[in-house]
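Shown next: model-v3.csv, containing CSV, C-alpha atoms.
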chain,number,residue,atom,x,y,z
A,1,ASN,CA,0.0,0.0,0.0
A,2,SER,CA,1.0,3.7,-0.2
A,3,ASP,CA,1.9,3.9,3.5
A,4,GLN,CA,4.3,1.0,3.1
A,5,GLY,CA,5.8,2.6,0.0
A,6,GLU,CA,6.4,5.8,1.9
A,7,ASN,CA,8.1,3.9,4.7
A,8,ASP,CA,10.4,2.1,2.3
A,9,SER,CA,11.4,5.4,0.8
A,10,GLY,CA,12.6,6.9,4.0
A,11,LEU,CA,10.0,7.2,6.7
A,12,GLY,CA,11.2,6.3,10.1
A,13,GLU,CA,11.6,2.9,11.8
A,14,LEU,CA,12.6,1.6,15.2
A,15,ILE,CA,14.7,-1.5,15.4
A,16,PHE,CA,15.3,-3.3,18.8
A,17,THR,CA,18.8,-4.7,18.8
A,18,GLY,CA,18.5,-6.0,22.3
A,19,THR,CA,15.6,-6.3,24.8
A,20,GLY,CA,17.1,-8.1,27.8
A,21,SER,CA,18.9,-6.9,30.9
A,22,ALA,CA,22.3,-7.4,32.4
A,23,VAL,CA,23.8,-10.1,30.1
A,24,PRO,CA,22.8,-11.7,26.8
A,25,CYS,CA,20.9,-14.9,26.8
A,26,LYS,CA,19.7,-17.4,24.1
A,27,HIS,CA,16.7,-15.2,23.0
A,28,ARG,CA,17.6,-11.7,24.1
A,29,ASN,CA,20.7,-9.5,23.6
A,30,VAL,CA,21.3,-6.5,26.0
A,31,THR,CA,19.7,-3.2,25.4
A,32,GLY,CA,19.9,-1.2,22.2
A,33,MET,CA,17.6,0.6,19.8
A,34,TYR,CA,18.0,2.1,16.3
A,35,LEU,CA,15.6,5.1,15.6
A,36,ARG,CA,15.6,6.2,12.0
A,37,MET,CA,14.2,9.6,11.1
A,38,ASN,CA,12.2,10.7,8.0
A,39,ASN,CA,15.3,11.9,6.3
A,40,GLY,CA,17.0,8.5,6.5
A,41,ASN,CA,19.5,9.5,9.2
A,42,SER,CA,19.3,7.9,12.6
A,43,MET,CA,20.2,7.8,16.3
A,44,LEU,CA,20.8,5.0,18.8
A,45,LEU,CA,19.2,4.8,22.2
A,46,ASP,CA,21.6,2.8,24.3
A,47,VAL,CA,24.3,0.6,22.7
A,48,GLY,CA,24.7,-2.7,24.5
A,49,GLU,CA,27.4,-5.1,23.5
A,50,GLY,CA,26.7,-6.6,20.1
A,51,THR,CA,24.5,-3.8,18.9
A,52,VAL,CA,26.5,-3.3,15.6
A,53,GLY,CA,26.4,-7.0,14.8
A,54,GLN,CA,22.6,-7.1,15.5
A,55,LEU,CA,22.1,-4.0,13.2
A,56,LEU,CA,24.1,-5.7,10.5
A,57,ARG,CA,21.9,-8.8,10.6
A,58,SER,CA,18.8,-6.7,10.6
A,59,TRP,CA,19.8,-4.5,7.7
A,60,THR,CA,21.1,-7.2,5.5
A,61,SER,CA,18.0,-9.4,6.1
A,62,THR,CA,15.8,-7.1,4.1
A,63,LEU,CA,18.1,-6.5,1.1
A,64,SER,CA,17.1,-7.5,-2.4
A,65,SER,CA,19.4,-9.7,-4.4
A,66,ASN,CA,20.9,-6.8,-6.3
A,67,GLN,CA,21.9,-4.8,-3.2
A,68,ALA,CA,25.4,-5.2,-1.8
A,69,PRO,CA,25.4,-5.8,2.0
A,70,THR,CA,28.7,-3.9,2.3
A,71,ASP,CA,27.3,-0.8,0.7
A,72,GLU,CA,24.1,-0.9,2.9
A,73,TYR,CA,26.2,-1.4,6.0
A,74,ARG,CA,28.5,1.6,5.2
A,75,SER,CA,25.5,3.8,4.3
A,76,ARG,CA,23.6,3.0,7.4
A,77,LEU,CA,26.6,3.5,9.7
A,78,LYS,CA,27.3,6.9,8.1
A,79,GLY,CA,23.6,7.7,8.7
A,80,ILE,CA,23.9,7.3,12.5
A,81,LYS,CA,24.3,10.9,13.6
A,82,ALA,CA,23.7,10.7,17.4
A,83,VAL,CA,23.8,8.3,20.3
A,84,TRP,CA,22.1,8.5,23.6
A,85,ILE,CA,23.4,6.6,26.6
A,86,SER,CA,21.0,6.5,29.6
A,87,HIS,CA,23.4,5.5,32.4
A,88,PRO,CA,26.9,4.0,33.0
A,89,HIS,CA,26.0,0.3,33.3
A,90,ALA,CA,27.9,-1.8,30.8
A,91,ASP,CA,24.9,-3.6,29.3
A,92,HIS,CA,23.8,-0.2,27.9
A,93,HIS,CA,27.1,1.1,26.4
A,94,LEU,CA,29.7,-1.6,25.7
A,95,GLY,CA,28.7,-1.7,22.0
A,96,LEU,CA,29.7,1.9,21.7
A,97,LEU,CA,33.4,1.0,21.2
A,98,ARG,CA,32.8,-1.0,18.1
A,99,LEU,CA,30.4,1.5,16.7
A,100,LEU,CA,32.9,4.4,17.0
A,101,SER,CA,35.7,2.3,15.6
A,102,GLU,CA,33.7,1.0,12.6
A,103,ARG,CA,32.3,4.5,11.9
A,104,ALA,CA,35.7,6.2,12.2
A,105,ALA,CA,37.1,3.7,9.6
A,106,ILE,CA,34.3,4.8,7.2
A,107,CYS,CA,33.9,8.5,8.0
A,108,GLY,CA,37.2,9.5,9.4
A,109,SER,CA,37.1,12.6,11.6
A,110,ASP,CA,34.9,14.6,9.2
A,111,ASP,CA,31.5,13.5,10.5
A,112,PRO,CA,31.6,12.9,14.3
A,113,ILE,CA,28.6,11.5,16.2
A,114,VAL,CA,26.8,13.6,18.8
A,115,LEU,CA,27.3,11.5,21.9
A,116,MET,CA,24.9,12.3,24.7
A,117,ALA,CA,25.9,10.4,27.8
A,118,PRO,CA,26.7,10.7,31.6
A,119,HIS,CA,30.2,12.1,32.1
A,120,ASP,CA,31.4,8.7,33.3
A,121,MET,CA,31.3,7.6,29.7
A,122,PHE,CA,33.7,10.3,28.5
A,123,ASP,CA,36.2,9.3,31.2
A,124,PHE,CA,35.9,5.7,30.0
A,125,LEU,CA,36.4,6.7,26.4
A,126,ALA,CA,39.3,8.9,27.2
A,127,GLU,CA,41.1,5.9,28.6
A,128,TYR,CA,40.1,3.7,25.7
A,129,ARG,CA,41.5,6.3,23.2
A,130,SER,CA,45.0,5.6,24.6
A,131,VAL,CA,44.6,2.1,23.2
A,132,VAL,CA,42.6,2.9,20.0
A,133,PRO,CA,43.4,6.5,19.0
A,134,GLU,CA,41.3,6.2,15.9
A,135,ILE,CA,38.2,7.1,17.8
A,136,ASN,CA,39.7,10.3,19.1
A,137,GLN,CA,37.7,12.6,16.7
A,138,SER,CA,34.8,10.3,16.2
A,139,TYR,CA,32.3,11.9,18.6
A,140,ILE,CA,31.2,15.3,20.1
A,141,PRO,CA,30.5,14.9,23.8
A,142,VAL,CA,27.4,16.2,25.5
A,143,ASP,CA,27.0,15.5,29.2
A,144,CYS,CA,23.4,14.5,30.0
A,145,CYS,CA,23.6,16.9,32.9
A,146,ASP,CA,23.9,19.8,30.5
A,147,MET,CA,20.7,19.0,28.6
A,148,ILE,CA,18.4,18.4,31.5
A,149,HIS,CA,14.8,19.5,30.8
A,150,GLY,CA,14.7,23.3,31.2
A,151,ARG,CA,18.2,23.8,29.8
A,152,VAL,CA,19.2,24.4,26.2
A,153,ASN,CA,20.8,21.3,24.6
A,154,PRO,CA,24.3,22.5,23.6
A,155,LEU,CA,24.0,20.7,20.2
A,156,GLY,CA,20.3,21.2,19.6
A,157,GLU,CA,20.9,23.0,16.3
A,158,LYS,CA,23.1,20.1,15.0
A,159,LEU,CA,20.5,17.6,16.0
A,160,TYR,CA,17.9,19.5,14.1
A,161,GLU,CA,20.0,19.9,11.0
A,162,GLU,CA,21.0,16.2,10.8
A,163,LEU,CA,18.0,14.5,12.3
A,164,GLY,CA,15.1,16.9,12.3
A,165,ILE,CA,14.9,16.7,16.1
A,166,THR,CA,13.3,19.8,17.5
A,167,TYR,CA,13.8,19.0,21.2
A,168,CYS,CA,16.0,16.5,23.1
A,169,ALA,CA,16.2,16.7,26.8
A,170,SER,CA,17.2,14.4,29.7
A,171,ILE,CA,15.3,13.8,32.9
A,172,PRO,CA,17.1,12.4,36.0
A,173,VAL,CA,15.6,9.1,37.2
A,174,ALA,CA,16.2,6.7,40.1
A,175,HIS,CA,18.5,3.9,39.2
A,176,CYS,CA,22.3,4.2,39.6
A,177,GLN,CA,24.1,7.5,39.9
A,178,ARG,CA,23.7,9.7,36.8
A,179,SER,CA,20.8,7.8,35.3
A,180,TYR,CA,18.5,9.6,32.8
A,181,ALA,CA,15.4,9.2,30.8
A,182,VAL,CA,15.1,11.1,27.5
A,183,VAL,CA,12.3,13.0,25.6
A,184,ILE,CA,12.8,13.6,21.9
A,185,ASP,CA,10.4,15.7,19.7
A,186,GLY,CA,10.4,15.8,15.9
A,187,THR,CA,11.1,12.1,15.2
A,188,SER,CA,9.2,10.1,12.6
A,189,PHE,CA,7.1,8.7,15.5
A,190,GLY,CA,6.4,12.2,16.9
A,191,ARG,CA,7.3,12.6,20.5
A,192,VAL,CA,9.4,9.6,21.7
A,193,ALA,CA,10.1,9.1,25.4
A,194,TYR,CA,12.6,6.5,26.6
A,195,SER,CA,12.9,5.6,30.3
A,196,GLY,CA,16.3,4.0,30.4
A,197,ASP,CA,16.6,1.9,33.6
A,198,CYS,CA,14.6,3.4,36.4
A,199,ARG,CA,11.9,3.2,39.1
A,200,PRO,CA,8.6,4.8,37.9
A,201,SER,CA,9.1,8.6,37.6
A,202,ASN,CA,6.4,11.2,37.9
A,203,ARG,CA,8.7,13.9,36.6
A,204,PHE,CA,9.4,11.8,33.5
A,205,ALA,CA,5.7,11.4,33.0
A,206,ASP,CA,5.1,15.1,33.3
A,207,VAL,CA,7.9,16.2,31.0
A,208,ALA,CA,7.0,13.6,28.3
A,209,HIS,CA,3.2,14.2,28.7
A,210,GLY,CA,1.3,13.3,25.5
A,211,ALA,CA,4.2,11.2,24.1
A,212,ASP,CA,3.3,9.5,20.8
A,213,LEU,CA,5.6,6.5,21.8
A,214,LEU,CA,6.8,5.6,25.2
A,215,ILE,CA,9.5,3.0,25.5
A,216,HIS,CA,9.7,1.9,29.1
A,217,GLU,CA,11.8,-0.7,30.9
A,218,ALA,CA,9.8,-3.6,32.5
A,219,THR,CA,12.5,-5.7,34.1
A,220,PHE,CA,10.1,-7.6,36.4
A,221,GLU,CA,6.7,-9.1,36.2
A,222,ASN,CA,3.8,-8.0,38.4
A,223,GLY,CA,4.1,-9.4,42.0
A,224,MET,CA,7.9,-8.8,42.1
A,225,GLU,CA,7.7,-5.2,43.3
A,226,GLU,CA,10.1,-5.8,46.1
A,227,ASP,CA,12.8,-7.0,43.7
A,228,ALA,CA,12.1,-3.9,41.5
A,229,VAL,CA,12.5,-1.6,44.5
A,230,MET,CA,15.8,-3.2,45.6
A,231,LYS,CA,17.3,-3.2,42.1
A,232,ARG,CA,15.7,0.1,41.1
A,233,HIS,CA,13.8,-1.2,38.1
A,234,SER,CA,10.2,-1.3,37.2
A,235,THR,CA,7.5,-4.0,36.9
A,236,ILE,CA,5.2,-4.3,33.9
A,237,GLY,CA,2.4,-2.8,35.8
A,238,GLU,CA,4.4,0.1,37.0
A,239,ALA,CA,5.5,0.8,33.4
A,240,ILE,CA,1.9,0.8,32.3
A,241,ASP,CA,1.0,3.2,35.1
A,242,VAL,CA,3.7,5.6,33.9
A,243,ALA,CA,2.2,5.4,30.4
A,244,SER,CA,-1.2,6.2,31.9
A,245,LYS,CA,0.1,9.2,33.8
A,246,MET,CA,2.0,10.4,30.7
A,247,ASN,CA,-1.2,10.0,28.6
A,248,ALA,CA,1.1,8.2,26.1
A,249,LYS,CA,-0.5,7.2,22.8
A,250,SER,CA,1.4,3.9,22.7
A,251,LEU,CA,3.8,1.8,24.9
A,252,VAL,CA,6.5,-0.6,24.1
A,253,LEU,CA,7.9,-2.6,27.0
A,254,THR,CA,11.6,-3.7,26.9
A,255,HIS,CA,14.6,-4.5,29.1
A,256,PHE,CA,13.2,-7.8,30.5
A,257,SER,CA,15.0,-9.8,33.1
A,258,GLN,CA,16.7,-12.8,31.6
A,259,ARG,CA,14.5,-15.0,33.8
A,260,TYR,CA,11.9,-14.3,31.0
A,261,PRO,CA,13.9,-15.5,27.9
A,262,LYS,CA,10.7,-15.3,25.8
A,263,LEU,CA,7.7,-13.2,26.9
A,264,PRO,CA,7.0,-12.1,30.5
A,265,PRO,CA,3.5,-12.6,31.8
A,266,LEU,CA,0.8,-9.9,31.8
A,267,ASN,CA,-1.2,-11.4,34.7
A,268,GLU,CA,-3.3,-8.7,36.2
A,269,SER,CA,-6.8,-7.8,34.9
A,270,LYS,CA,-6.2,-4.0,35.4
A,271,ASP,CA,-3.2,-4.1,33.2
A,272,GLU,CA,-5.1,-6.1,30.6
A,273,GLU,CA,-7.8,-3.4,30.7
A,274,LYS,CA,-5.2,-0.6,30.2
A,275,ALA,CA,-3.9,-2.7,27.3
A,276,ASN,CA,-7.3,-2.2,25.7
A,277,GLU,CA,-7.0,1.6,26.1
A,278,ILE,CA,-3.6,2.1,24.4
A,279,PRO,CA,-1.4,-0.2,22.2
A,280,ILE,CA,1.0,-2.1,24.4
A,281,ALA,CA,3.7,-4.1,22.7
A,282,PHE,CA,6.4,-6.4,24.2
A,283,ALA,CA,9.7,-5.8,22.4
A,284,PHE,CA,11.8,-8.7,21.1
A,285,ASP,CA,15.2,-8.7,19.4
A,286,PHE,CA,15.0,-7.6,15.7
A,287,MET,CA,11.5,-6.2,16.2
A,288,ARG,CA,11.1,-3.5,13.6
A,289,LEU,CA,8.4,-0.9,14.1
A,290,ALA,CA,7.2,1.8,11.7
A,291,PRO,CA,4.9,4.7,12.8
A,292,ASN,CA,1.9,2.9,11.3
A,293,THR,CA,2.6,-0.6,12.7
A,294,ILE,CA,2.6,0.0,16.5
A,295,ASP,CA,-1.0,-1.1,16.8
A,296,LEU,CA,-0.3,-4.2,14.8
A,297,ALA,CA,2.7,-5.1,17.1
A,298,ALA,CA,0.4,-4.8,20.1
A,299,LYS,CA,-2.2,-7.1,18.6
A,300,LEU,CA,0.5,-9.7,17.9
A,301,THR,CA,1.4,-10.3,21.5
A,302,PRO,CA,-1.2,-13.1,22.1
A,303,ALA,CA,0.1,-14.9,19.0
A,304,LEU,CA,3.7,-14.6,20.1
A,305,ARG,CA,2.7,-16.2,23.4
A,306,LEU,CA,1.4,-19.2,21.5
A,307,LEU,CA,4.5,-19.3,19.3
A,308,TYR,CA,6.8,-19.3,22.4
A,309,PRO,CA,5.0,-21.2,25.2
A,310,GLY,CA,6.8,-21.9,28.4
A,311,GLU,CA,9.2,-24.8,28.1
A,312,GLY,CA,10.6,-25.0,31.6
A,313,ASP,CA,13.9,-23.3,30.5
A,314,ASP,CA,16.5,-23.1,33.1
A,315,GLU,CA,16.8,-19.4,32.6
A,316,SER,CA,13.1,-18.9,33.6
A,317,GLU,CA,13.2,-21.0,36.7
A,318,MET,CA,14.1,-19.3,40.0
A,319,ALA,CA,16.8,-21.1,41.9
A,320,THR,CA,15.4,-22.7,45.1
A,321,GLY,CA,16.7,-21.9,48.5
A,322,LYS,CA,17.5,-18.2,47.7
A,323,VAL,CA,16.4,-15.5,50.1
A,324,THR,CA,13.7,-13.4,48.5
A,325,ALA,CA,13.8,-9.6,48.1
A,326,LYS,CA,10.9,-9.2,50.5
A,327,GLU,CA,12.8,-11.2,53.2
A,328,LEU,CA,15.9,-9.1,52.6
A,329,MET,CA,14.1,-5.8,52.9
A,330,ALA,CA,12.7,-6.9,56.3
A,331,VAL,CA,16.2,-7.0,57.7
A,332,PRO,CA,17.4,-3.7,59.3
A,333,GLY,CA,20.5,-2.3,57.6
A,334,VAL,CA,20.3,-4.7,54.7
A,335,PHE,CA,21.3,-2.1,52.2
A,336,ALA,CA,24.6,-1.6,54.0
A,337,ALA,CA,25.4,-5.3,53.8
A,338,LYS,CA,28.2,-6.3,51.4
A,339,GLY,CA,27.1,-8.1,48.3
A,340,VAL,CA,23.3,-7.5,48.6
A,341,LEU,CA,23.1,-5.0,45.7

Please, can you express the file's structure as structure tokens?
Amino acid sequence: NSDQGENDSGLGELIFTGTGSAVPCKHRNVTGMYLRMNNGNSMLLDVGEGTVGQLLRSWTSTLSSNQAPTDEYRSRLKGIKAVWISHPHADHHLGLLRLLSERAAICGSDDPIVLMAPHDMFDFLAEYRSVVPEINQSYIPVDCCDMIHGRVNPLGEKLYEELGITYCASIPVAHCQRSYAVVIDGTSFGRVAYSGDCRPSNRFADVAHGADLLIHEATFENGMEEDAVMKRHSTIGEAIDVASKMNAKSLVLTHFSQRYPKLPPLNESKDEEKANEIPIAFAFDFMRLAPNTIDLAAKLTPALRLLYPGEGDDESEMATGKVTAKELMAVPGVFAAKGVL
């Protein structure tokens, strides 16, 4: 149809290169997203280890027989104009090193990426440059602290020129030190809000109010709120509540604990009711969304559950004999205990 033709000619897309937390497993890589704009250029939202390889597989899987994979790879890498890193944990940024190295080999120092990240990342890259000097001129650093909502993004004009983005701001959230969510206006999806890793945030919901697409972490299933509090993540229900407060038009859940190698359960009737109010999709690796296919992705969730029924995988079974998060939280001073967090 005509919509599909427009999308093929350059309308945006969102590709999930990883949808799991902490470490890769058989079904899910660690976090990464590729957000392509209407002009064909793109930005990455977190770059977990293996992101470049996942993108290569995704890009080449859709090529026609007369298209050269190498040309497509080079073109797509050159088209990545910005990267957003939500926080310093390795499962959200280790793929950045290969990205910068590969892109530097193609573009040299003439077309550096806008790298928006906590300042810890720039200390890390400064040390890495002593080993791989080729990445020295491969990025322009922007500290997330300098682009918090209410401040002017130092490279806002460059983002507009290269990506069409009219607004890009960070919102501090509760996870580790220097963790941020992001709100981006002017994408092919409209207003995109991405939570990074965090506990539910009212401030994030306020700043991103009316988002066309909310991408929110949902590390734990409902009923594991104590674990979510201890590890400063969100449950599925909490992510849906944020979408409701934000008045988001659609929601994609991602960053699932590797105890759910396939699809985590949606097991509360109130969440199922909210799923009828807005499209809610569960992300999986290599999932490719266009602005006009989010509703379809949400409707496919029941079919995916039938395609990947529980098989008693070792990854999905909790080890017996472990102290639960609820039991730990009942112990005074537990957060000062070595090895708990």

* Residue among A:Pro261, A:Gly79, A:Gly32, A:Pro69 lying closest to Ile215 of chain A, counting all atoms listed in the file ->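 Nearest candidate to Ile215 of chain A out of A:Pro261, A:Gly79, A:Gly32, A:Pro69: A:Gly32.
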
Residues of segment 168-252 of chain A that have any atom at most 7 Å from an atom of segment 282-301 of chain A: could you tabulate them with the shortest-distance atom pair and the distance in Å to one decimal, using all atoms listed in the file, ordered by chain and increasing number, as JSON lines?
{"residue": "A:Ser188", "atom": "CA", "partner": "A:Pro291", "partner_atom": "CA", "distance": 6.9}
{"residue": "A:Phe189", "atom": "CA", "partner": "A:Pro291", "partner_atom": "CA", "distance": 5.3}
{"residue": "A:Val252", "atom": "CA", "partner": "A:Phe282", "partner_atom": "CA", "distance": 5.8}

* Work out how far apart atom CA of Ile15 of chain A and atom CA of Ser58 of chain A are and give it in Å to one decimal. =>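 Going from atom CA of Ile15 of chain A over to atom CA of Ser58 of chain A covers 8.2 Å.
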
* What's the 9 Å shell around segment 34-37 of chain A, counting only C-alpha atoms, without same-chain residues fewer than 4 positions away, as a list in words? ->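 Result of the neighbour search: Gly10, Leu11, Gly12, Glu13, Leu14, Ile15, Phe16, Thr17, Asn41, Ser42, Met43, Leu44, Leu45, Asp46, Leu55, Gly79, Ile80, Leu163, Gly164, Ile165, Gly186, Thr187, Ser188 and Phe189 of chain A.
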
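One finds atom CA of Ile140 of chain A at 16.5 Å from atom CA of Ser86 of chain A.
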
Any idea what's packed within 12 Å of segment 19-22 of chain A, counting only C-alpha atoms, ignoring anything in its chain fewer than 3 positions away? Could you give it as an mmCIF file with C-alpha atoms, keeping the file's coordinate frame?
data_model
loop_
_atom_site.group_PDB
_atom_site.id
_atom_site.type_symbol
_atom_site.label_atom_id
_atom_site.label_comp_id
_atom_site.auth_asym_id
_atom_site.auth_seq_id
_atom_site.Cartn_x
_atom_site.Cartn_y
_atom_site.Cartn_z
ATOM 1 C CA ILE A 15 14.700 -1.500 15.400
ATOM 2 C CA PHE A 16 15.300 -3.300 18.800
ATOM 3 C CA CYS A 25 20.900 -14.900 26.800
ATOM 4 C CA LYS A 26 19.700 -17.400 24.100
ATOM 5 C CA HIS A 27 16.700 -15.200 23.000
ATOM 6 C CA ARG A 28 17.600 -11.700 24.100
ATOM 7 C CA ASN A 29 20.700 -9.500 23.600
ATOM 8 C CA VAL A 30 21.300 -6.500 26.000
ATOM 9 C CA THR A 31 19.700 -3.200 25.400
ATOM 10 C CA GLY A 32 19.900 -1.200 22.200
ATOM 11 C CA MET A 33 17.600 0.600 19.800
ATOM 12 C CA LEU A 45 19.200 4.800 22.200
ATOM 13 C CA ASP A 46 21.600 2.800 24.300
ATOM 14 C CA VAL A 47 24.300 0.600 22.700
ATOM 15 C CA GLY A 48 24.700 -2.700 24.500
ATOM 16 C CA GLU A 49 27.400 -5.100 23.500
ATOM 17 C CA THR A 51 24.500 -3.800 18.900
ATOM 18 C CA GLN A 54 22.600 -7.100 15.500
ATOM 19 C CA HIS A 89 26.000 0.300 33.300
ATOM 20 C CA ALA A 90 27.900 -1.800 30.800
ATOM 21 C CA ASP A 91 24.900 -3.600 29.300
ATOM 22 C CA HIS A 92 23.800 -0.200 27.900
ATOM 23 C CA HIS A 93 27.100 1.100 26.400
ATOM 24 C CA LEU A 94 29.700 -1.600 25.700
ATOM 25 C CA GLY A 196 16.300 4.000 30.400
ATOM 26 C CA ASP A 197 16.600 1.900 33.600
ATOM 27 C CA ILE A 215 9.500 3.000 25.500
ATOM 28 C CA HIS A 216 9.700 1.900 29.100
ATOM 29 C CA GLU A 217 11.800 -0.700 30.900
ATOM 30 C CA ALA A 218 9.800 -3.600 32.500
ATOM 31 C CA THR A 219 12.500 -5.700 34.100
ATOM 32 C CA PHE A 220 10.100 -7.600 36.400
ATOM 33 C CA LYS A 231 17.300 -3.200 42.100
ATOM 34 C CA HIS A 233 13.800 -1.200 38.100
ATOM 35 C CA VAL A 252 6.500 -0.600 24.100
ATOM 36 C CA LEU A 253 7.900 -2.600 27.000
ATOM 37 C CA THR A 254 11.600 -3.700 26.900
ATOM 38 C CA HIS A 255 14.600 -4.500 29.100
ATOM 39 C CA PHE A 256 13.200 -7.800 30.500
ATOM 40 C CA SER A 257 15.000 -9.800 33.100
ATOM 41 C CA GLN A 258 16.700 -12.800 31.600
ATOM 42 C CA ARG A 259 14.500 -15.000 33.800
ATOM 43 C CA TYR A 260 11.900 -14.300 31.000
ATOM 44 C CA PRO A 261 13.900 -15.500 27.900
ATOM 45 C CA LYS A 262 10.700 -15.300 25.800
ATOM 46 C CA LEU A 263 7.700 -13.200 26.900
ATOM 47 C CA PRO A 264 7.000 -12.100 30.500
ATOM 48 C CA PHE A 282 6.400 -6.400 24.200
ATOM 49 C CA ALA A 283 9.700 -5.800 22.400
ATOM 50 C CA PHE A 284 11.800 -8.700 21.100
ATOM 51 C CA ASP A 285 15.200 -8.700 19.400
ATOM 52 C CA PHE A 286 15.000 -7.600 15.700
ATOM 53 C CA MET A 287 11.500 -6.200 16.200
#

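Residues surrounding Met147 of chain A within 10 Å are A:Met116, A:Val142, A:Asp143, A:Arg151, A:Val152, A:Asn153, A:Pro154, A:Leu155, A:Gly156, A:Cys168, A:Ala169, A:Ser170, A:Ile171, A:Val182 [all atoms listed in the file; sequence separation below 4 positions excluded].
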
* So which one's closest to Glu225 of chain A, A:Ala208, A:Ala239, A:Ala82, A:Cys107? Using only C-alpha atoms, please. -> A:Ala239

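Shortest atom-to-atom contact with Asp185 of chain A among A:Leu159, A:Leu115, A:Ile280, A:Ala104: A:Leu159, counting all atoms listed in the file.
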
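Distance check against Ser234 of chain A using all atoms listed in the file: of A:Pro200, A:Gly150, A:Pro302, A:Gly53, the minimum falls on A:Pro200.
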
* Asked: What gap, in Å, lies between atom CA of Val114 of chain A and atom CA of Asp146 of chain A?
  ->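 Atom-to-atom, atom CA of Val114 of chain A and atom CA of Asp146 of chain A are spaced 13.6 Å apart.
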
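With all atoms listed in the file as the atoms that count, the residue of A:Pro279, A:Pro141, A:Pro112, A:Gly95 with the shortest distance to Ala126 of chain A is A:Pro141.
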
* For each of A:Ile236, A:Met246, A:Ile113, A:Ile135, take the minimum atom-to-atom distance to Val183 of chain A, counting all atoms listed in the file, then give the residue where this is smallest. => A:Met246
